[in-house]
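Notes to accompany the following structure.
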Amino acid sequence: MNFNTVQNSINEILSVKRRYVIPRNQREFSWEKMQLDEFWDDVTRNIIYVSETNEFTFNEYFLGTIVLAGSESASVLEVIDGQQRLSVITIALSLISRELRGMGYESAANDIFNDYIVTNVASGKLSKDSKRVAKLEKTNGNDYFKLKFQAEKDHEPKVVFEEDSKLQYAGNYISRKLGKGSVCELLNKKRKGVKYTEEEYVNCLDAIQKMLTNYLTVVRISVGAEEDAYDIFEILNARGISLTSIDLIKNKILQYCTETYPLDFAKEQWSDIDEALKLRNAKLTLGDYVRTFWLANTAYVGQDGLYRAFKKLIADNPEQKAQEFLSQLHDAVEDYTKICAPQIEDWKTQDQKAIYQCLNALTIIDVSVPRPLIMSAMYLRANKKNALTQTNFIKLLNKIVSFHFRYNAVCKLKPSGWDQSYSSWAIQLRNCKNKRDVNALLAIVYEKLDERVPTESEFTSKFVQNLTFTNKKTTHKNLIRFIFDRIECEKRDTGELTAHLYTLEHISPQKTNYEYVGMVGNLLPLCSEINGDIADKEPKDKLEYYKRSELCLVKDFVDEIGSGNYTLDNWNEEQVTRRTQSLAKLAYELV
């Protein structure tokens, strides 16, 4: 691998008649406030104003490494590492140019714009026709950067993608820093209420421009072969956000999936996956998805080892295996989104509602470790329906929900080792050939879960200790509603959830501030109308309102008051604790 290494200023890179193309393997612009703060501090602290001479002096500042691919004499080079810094510098220079143009400094504005923002590679000179092109070019099919920062005026493009939002934030950030009051702080006039002249403002903008172009230096590493450049990308990531396993996997896939005509299918598939996750739920990440897919299909691996495992997977036939992996990843993303962010529309028939309810329960319980096994089960349902019937699929989901409700949600036990178990089961399930194989494996899964499930005594103790809800402590609100839903459904012998029909009523009102006021035993599910009528009445004045409820849980409570098991005339901590324990027993049996 041959390198050519030289130290350059930004001026020596951007002022030449050359375009710099950000290739498809590069991650999108990702700088946020922390990186922008650091960059701007590096720029401004190396500008020194000398009041005696009324001039600026500058310290040279090393900005890191930039890696370029292509021939030294080429008119187009690929930016392998450094796009974040070049993008921010382009934004800053563009905004300075616009600010100067707005004040009438047309010649200075044009010099900056024509030297650093645009070029004309073909003729070697600038023109006003369509031959003028941006010096820094993104190849992701998104024109936001060009329309926002690489034209003489802001075309105010619509923010569509996450990268657009981050570019917009960076532009707003730098625009504020270039405002008169901010940028003229370079003059060190400390007195309160100081006003700056236009001349002072222009001089400060000019100082920023000179610092950016003449005194920011980089080590430019040039490499001729594109294949070598992809390898460099894995190693060098100077002065930015560290590369993740997903950045590296994407880079490696696009290195080997090189077909770009009539479409760049690999890039399209990767974008489809990313978009599918974001459209379903903004919190779903590529990193979590790819690792879950890996655990379900290949082997257990920690997040840090994912890229090494991927390279090993494709090593013997990288072109074919990289494409196969991407295609499989693309095909499975819909199942993953249905698991992580379930919607009732995903399961249209009545006999599928139980699937939605279980998947939704797992989101309420907030447990992700079973996802590989569920992905494999959904794969079997799509490809080998006779091997895993819908009845057995629902049974598996119910078993998983019941176990993790007790183990994680209530008892707060650590899920150590479970990700390895679920990965192993997922891979075995995917490879099952028939119903007999599936049933044998599920028997093992159920046995292992039963071995580790907390006892009723442990569960009850943690139920009393851990679960609370008040308007100030809402962490367990959805979990408690889920518990009431399940108990109510069992008592009504229906599979329909009722959470949307009621609110949580505090028998002893929250204004009392008793320590037990948030315990489950002090809560009742009540429709909003009845709860609104009750307001903050004392417990002894609430019985007639409770009698109006049609919910089984409330009817049972009213019956227990009638039998003398509880009394609202002296509703206290002992009764709340006893009722909490009673509800814990129901939850252990019915959920």
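Chains: A, B, ... in order of the structure tokens. Residues: from 1 per chain. Ligands: from 1, in order shown.
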Based on the backbone DSSP call, show me all residues of segment 497-539 of chain A assigned alpha helix (DSSP H), as a count of residues only. 7
Considering only C-alpha atoms, return as a PyMOL selection string whatever protein or nucleic-acid residues lie within 9 Å of segment 449-459 of chain A, sequence-local ones (same chain, fewer than 5 positions apart) excluded. chain A and resi 399-400+403-404+406-407+410-411+444+464+584-585+588-589
DSSP strand (DSSP E or B) selection over segment 24-234 of chain A, as a PyMOL selection string: chain A and resi 47-50+55-58+61-69+76-81+118-119+133-134+136-138+216-223
What is the distance between atom CA of Asn46 of chain A and atom CA of Val183 of chain A, in Å to one decimal?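 Going from atom CA of Asn46 of chain A over to atom CA of Val183 of chain A, I get 13.5 Å.
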Excluding Ile365 of chain A and any residue of its chain fewer than 5 positions from it, enumerate the residues within 12 Å of it, using only C-alpha atoms, and give them as a PyMOL selection string. chain A and resi 340+358-360+370+400-412+475-483+591
Using only C-alpha atoms, please write the residues we just selected to a file, as a PDB file, in the first residue's frame.
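And here is the file that came out, out-v4.pdb:
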```pdb
ATOM      1  CA  CYS A 340     -39.576  -3.725  18.654  1.00  0.00           C
ATOM      2  CA  CYS A 358     -47.410 -10.250  23.663  1.00  0.00           C
ATOM      3  CA  LEU A 359     -45.052  -8.111  21.588  1.00  0.00           C
ATOM      4  CA  ASN A 360     -46.566  -4.966  23.058  1.00  0.00           C
ATOM      5  CA  PRO A 370     -35.519 -12.394  23.605  1.00  0.00           C
ATOM      6  CA  ILE A 400     -41.363 -15.286  27.241  1.00  0.00           C
ATOM      7  CA  VAL A 401     -43.656 -12.496  28.472  1.00  0.00           C
ATOM      8  CA  SER A 402     -44.552 -14.348  31.668  1.00  0.00           C
ATOM      9  CA  PHE A 403     -40.934 -15.130  32.482  1.00  0.00           C
ATOM     10  CA  HIS A 404     -39.531 -11.664  31.854  1.00  0.00           C
ATOM     11  CA  PHE A 405     -42.461  -9.984  33.599  1.00  0.00           C
ATOM     12  CA  ARG A 406     -41.494 -11.859  36.746  1.00  0.00           C
ATOM     13  CA  TYR A 407     -37.728 -11.921  36.252  1.00  0.00           C
ATOM     14  CA  ASN A 408     -37.015  -8.433  34.888  1.00  0.00           C
ATOM     15  CA  ALA A 409     -40.002  -6.151  35.305  1.00  0.00           C
ATOM     16  CA  VAL A 410     -40.912  -6.966  38.905  1.00  0.00           C
ATOM     17  CA  CYS A 411     -37.915  -8.682  40.508  1.00  0.00           C
ATOM     18  CA  LYS A 412     -35.323  -6.520  38.677  1.00  0.00           C
ATOM     19  CA  THR A 475     -41.788   5.058  35.926  1.00  0.00           C
ATOM     20  CA  HIS A 476     -44.024   2.056  36.618  1.00  0.00           C
ATOM     21  CA  LYS A 477     -47.312   3.538  35.417  1.00  0.00           C
ATOM     22  CA  ASN A 478     -47.524   1.550  32.173  1.00  0.00           C
ATOM     23  CA  LEU A 479     -46.367  -1.635  33.882  1.00  0.00           C
ATOM     24  CA  ILE A 480     -49.082  -1.324  36.549  1.00  0.00           C
ATOM     25  CA  ARG A 481     -51.697  -0.661  33.875  1.00  0.00           C
ATOM     26  CA  PHE A 482     -50.425  -3.761  32.056  1.00  0.00           C
ATOM     27  CA  ILE A 483     -50.866  -5.818  35.250  1.00  0.00           C
ATOM     28  CA  VAL A 591     -49.713 -12.795  33.794  1.00  0.00           C
TER      29      VAL A 591
END
```
Give the answer as one residue: which of A:Ile208, A:Ile91, A:Gln465, A:Asn54 has the shortest atom-to-atom distance to Asn172 of chain A, using only C-alpha atoms?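 Smallest separation from Asn172 of chain A among the options: A:Ile91.
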Could you pull the residues within 12 Å of segment 567-580 of chain A, counting only C-alpha atoms, minus those fewer than 6 positions along the same chain, as a ChimeraX atom specification? /A:459-468,480,506-509,512,514-524,537-544,546,553,556-561,586-587
Hey, can you spit out that residue selection with C-alpha atoms as an mmCIF file, in the first residue's frame?
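Output file part.cif is given in full below:
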```
data_model
loop_
_atom_site.group_PDB
_atom_site.id
_atom_site.type_symbol
_atom_site.label_atom_id
_atom_site.label_comp_id
_atom_site.auth_asym_id
_atom_site.auth_seq_id
_atom_site.Cartn_x
_atom_site.Cartn_y
_atom_site.Cartn_z
ATOM 1 C CA PHE A 459 -42.052 -12.166 43.343
ATOM 2 C CA THR A 460 -44.492 -10.950 46.000
ATOM 3 C CA SER A 461 -41.737 -9.363 48.067
ATOM 4 C CA LYS A 462 -40.379 -7.444 45.065
ATOM 5 C CA PHE A 463 -43.883 -6.546 43.864
ATOM 6 C CA VAL A 464 -44.571 -4.828 47.190
ATOM 7 C CA GLN A 465 -41.120 -3.256 47.325
ATOM 8 C CA ASN A 466 -40.573 -2.108 43.726
ATOM 9 C CA LEU A 467 -43.859 -1.095 42.102
ATOM 10 C CA THR A 468 -45.284 2.371 42.800
ATOM 11 C CA ILE A 480 -49.082 -1.324 36.549
ATOM 12 C CA HIS A 506 -55.525 6.408 44.272
ATOM 13 C CA ILE A 507 -57.848 5.139 47.009
ATOM 14 C CA SER A 508 -56.016 7.214 49.598
ATOM 15 C CA PRO A 509 -55.517 10.473 47.626
ATOM 16 C CA THR A 512 -52.023 12.852 51.854
ATOM 17 C CA TYR A 514 -48.491 8.847 52.899
ATOM 18 C CA GLU A 515 -45.524 6.604 52.073
ATOM 19 C CA TYR A 516 -47.881 3.887 50.868
ATOM 20 C CA VAL A 517 -49.952 6.133 48.582
ATOM 21 C CA GLY A 518 -48.210 4.914 45.397
ATOM 22 C CA MET A 519 -48.318 1.173 46.195
ATOM 23 C CA VAL A 520 -50.330 -1.050 43.858
ATOM 24 C CA GLY A 521 -52.700 -1.943 46.696
ATOM 25 C CA ASN A 522 -53.758 1.715 46.887
ATOM 26 C CA LEU A 523 -54.645 1.801 43.190
ATOM 27 C CA LEU A 524 -57.809 0.972 41.279
ATOM 28 C CA LYS A 537 -62.425 12.746 48.337
ATOM 29 C CA GLU A 538 -61.483 10.751 51.421
ATOM 30 C CA PRO A 539 -61.563 6.925 51.075
ATOM 31 C CA LYS A 540 -64.709 6.620 53.230
ATOM 32 C CA ASP A 541 -66.605 8.848 50.768
ATOM 33 C CA LYS A 542 -65.645 6.898 47.626
ATOM 34 C CA LEU A 543 -67.546 3.606 47.948
ATOM 35 C CA GLU A 544 -70.701 4.743 46.111
ATOM 36 C CA TYR A 546 -66.708 2.541 43.075
ATOM 37 C CA LEU A 553 -61.163 -5.578 39.730
ATOM 38 C CA ASP A 556 -64.102 -7.490 43.606
ATOM 39 C CA PHE A 557 -62.771 -4.662 45.783
ATOM 40 C CA VAL A 558 -66.307 -3.486 46.553
ATOM 41 C CA ASP A 559 -67.285 -7.081 47.455
ATOM 42 C CA GLU A 560 -64.295 -7.388 49.795
ATOM 43 C CA ILE A 561 -65.341 -4.190 51.549
ATOM 44 C CA LEU A 586 -53.031 -12.704 41.086
ATOM 45 C CA ALA A 587 -50.324 -11.197 38.869
#
```
Separation of atom CA of Tyr336 of chain A from atom CA of Arg291 of chain A in Å: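 Between these atoms lies a distance of 11.4 Å.
The nearest approach to Val67 of chain A among the residues A:Ser165, A:Asn203, A:Gln35, A:Ser222, with only C-alpha atoms taken into account, belongs to A:Ser222.
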Dump as JSON lines the rows for residues of segment 109-188 of chain A within 10 Å of segment 19-31 of chain A: closest atom pair and distance in Å with one decimal, only C-alpha atoms counted, ordered by chain and rising residue number.
```
{"residue": "A:Ile117", "atom": "CA", "partner": "A:Arg19", "partner_atom": "CA", "distance": 9.9}
{"residue": "A:Val118", "atom": "CA", "partner": "A:Arg19", "partner_atom": "CA", "distance": 8.5}
{"residue": "A:Thr119", "atom": "CA", "partner": "A:Arg19", "partner_atom": "CA", "distance": 7.5}
{"residue": "A:Asn120", "atom": "CA", "partner": "A:Arg19", "partner_atom": "CA", "distance": 8.8}
{"residue": "A:Val121", "atom": "CA", "partner": "A:Arg19", "partner_atom": "CA", "distance": 7.4}
{"residue": "A:Val133", "atom": "CA", "partner": "A:Arg19", "partner_atom": "CA", "distance": 8.1}
{"residue": "A:Ala134", "atom": "CA", "partner": "A:Arg19", "partner_atom": "CA", "distance": 7.1}
{"residue": "A:Lys135", "atom": "CA", "partner": "A:Arg19", "partner_atom": "CA", "distance": 4.4}
{"residue": "A:Leu136", "atom": "CA", "partner": "A:Tyr20", "partner_atom": "CA", "distance": 4.9}
{"residue": "A:Glu137", "atom": "CA", "partner": "A:Val21", "partner_atom": "CA", "distance": 4.7}
{"residue": "A:Lys138", "atom": "CA", "partner": "A:Ile22", "partner_atom": "CA", "distance": 5.0}
{"residue": "A:Thr139", "atom": "CA", "partner": "A:Pro23", "partner_atom": "CA", "distance": 6.0}
{"residue": "A:Asn140", "atom": "CA", "partner": "A:Arg24", "partner_atom": "CA", "distance": 6.4}
{"residue": "A:Gly141", "atom": "CA", "partner": "A:Arg24", "partner_atom": "CA", "distance": 9.7}
{"residue": "A:Phe145", "atom": "CA", "partner": "A:Phe29", "partner_atom": "CA", "distance": 9.9}
{"residue": "A:Glu162", "atom": "CA", "partner": "A:Glu28", "partner_atom": "CA", "distance": 8.9}
{"residue": "A:Glu163", "atom": "CA", "partner": "A:Phe29", "partner_atom": "CA", "distance": 5.7}
{"residue": "A:Asp164", "atom": "CA", "partner": "A:Phe29", "partner_atom": "CA", "distance": 8.5}
{"residue": "A:Ser165", "atom": "CA", "partner": "A:Ser30", "partner_atom": "CA", "distance": 9.7}
{"residue": "A:Lys166", "atom": "CA", "partner": "A:Ser30", "partner_atom": "CA", "distance": 6.5}
{"residue": "A:Leu167", "atom": "CA", "partner": "A:Phe29", "partner_atom": "CA", "distance": 7.0}
{"residue": "A:Tyr169", "atom": "CA", "partner": "A:Trp31", "partner_atom": "CA", "distance": 9.2}
{"residue": "A:Ala170", "atom": "CA", "partner": "A:Trp31", "partner_atom": "CA", "distance": 7.6}
```
May I have the residues within 12 Å of Asn439 of chain A as a list in words, using only C-alpha atoms and disregarding those fewer than 3 positions away in the same chain? Asn386, Ala387, Leu388, Thr389, Thr391, Asn392, Phe393, Lys395, Leu396, Gln428, Leu429, Cys432, Lys433, Asn434, Lys435, Arg436, Leu442, Ala443, Ile444, Val445 and Tyr446 of chain A
Looking at only C-alpha atoms, which of A:Asn188, A:Thr503, A:Asn471, A:Ser549 is the one that sits closest to Ser528 of chain A?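 Closest residue, counting only C-alpha atoms: A:Thr503.
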Shortest interatomic distance to Gln84 of chain A - which of A:Ala354, A:Ile112, A:Ile66, A:Ala309, counting only C-alpha atoms: A:Ile66
Can you pull out every residue within 12 Å of Ser421 of chain A, counting only C-alpha atoms, but drop anything in the same chain fewer than 2 positions away, and send it as a ChimeraX atom specification? /A:295-296,299-301,369-373,415-419,423-428,444-445,448-449
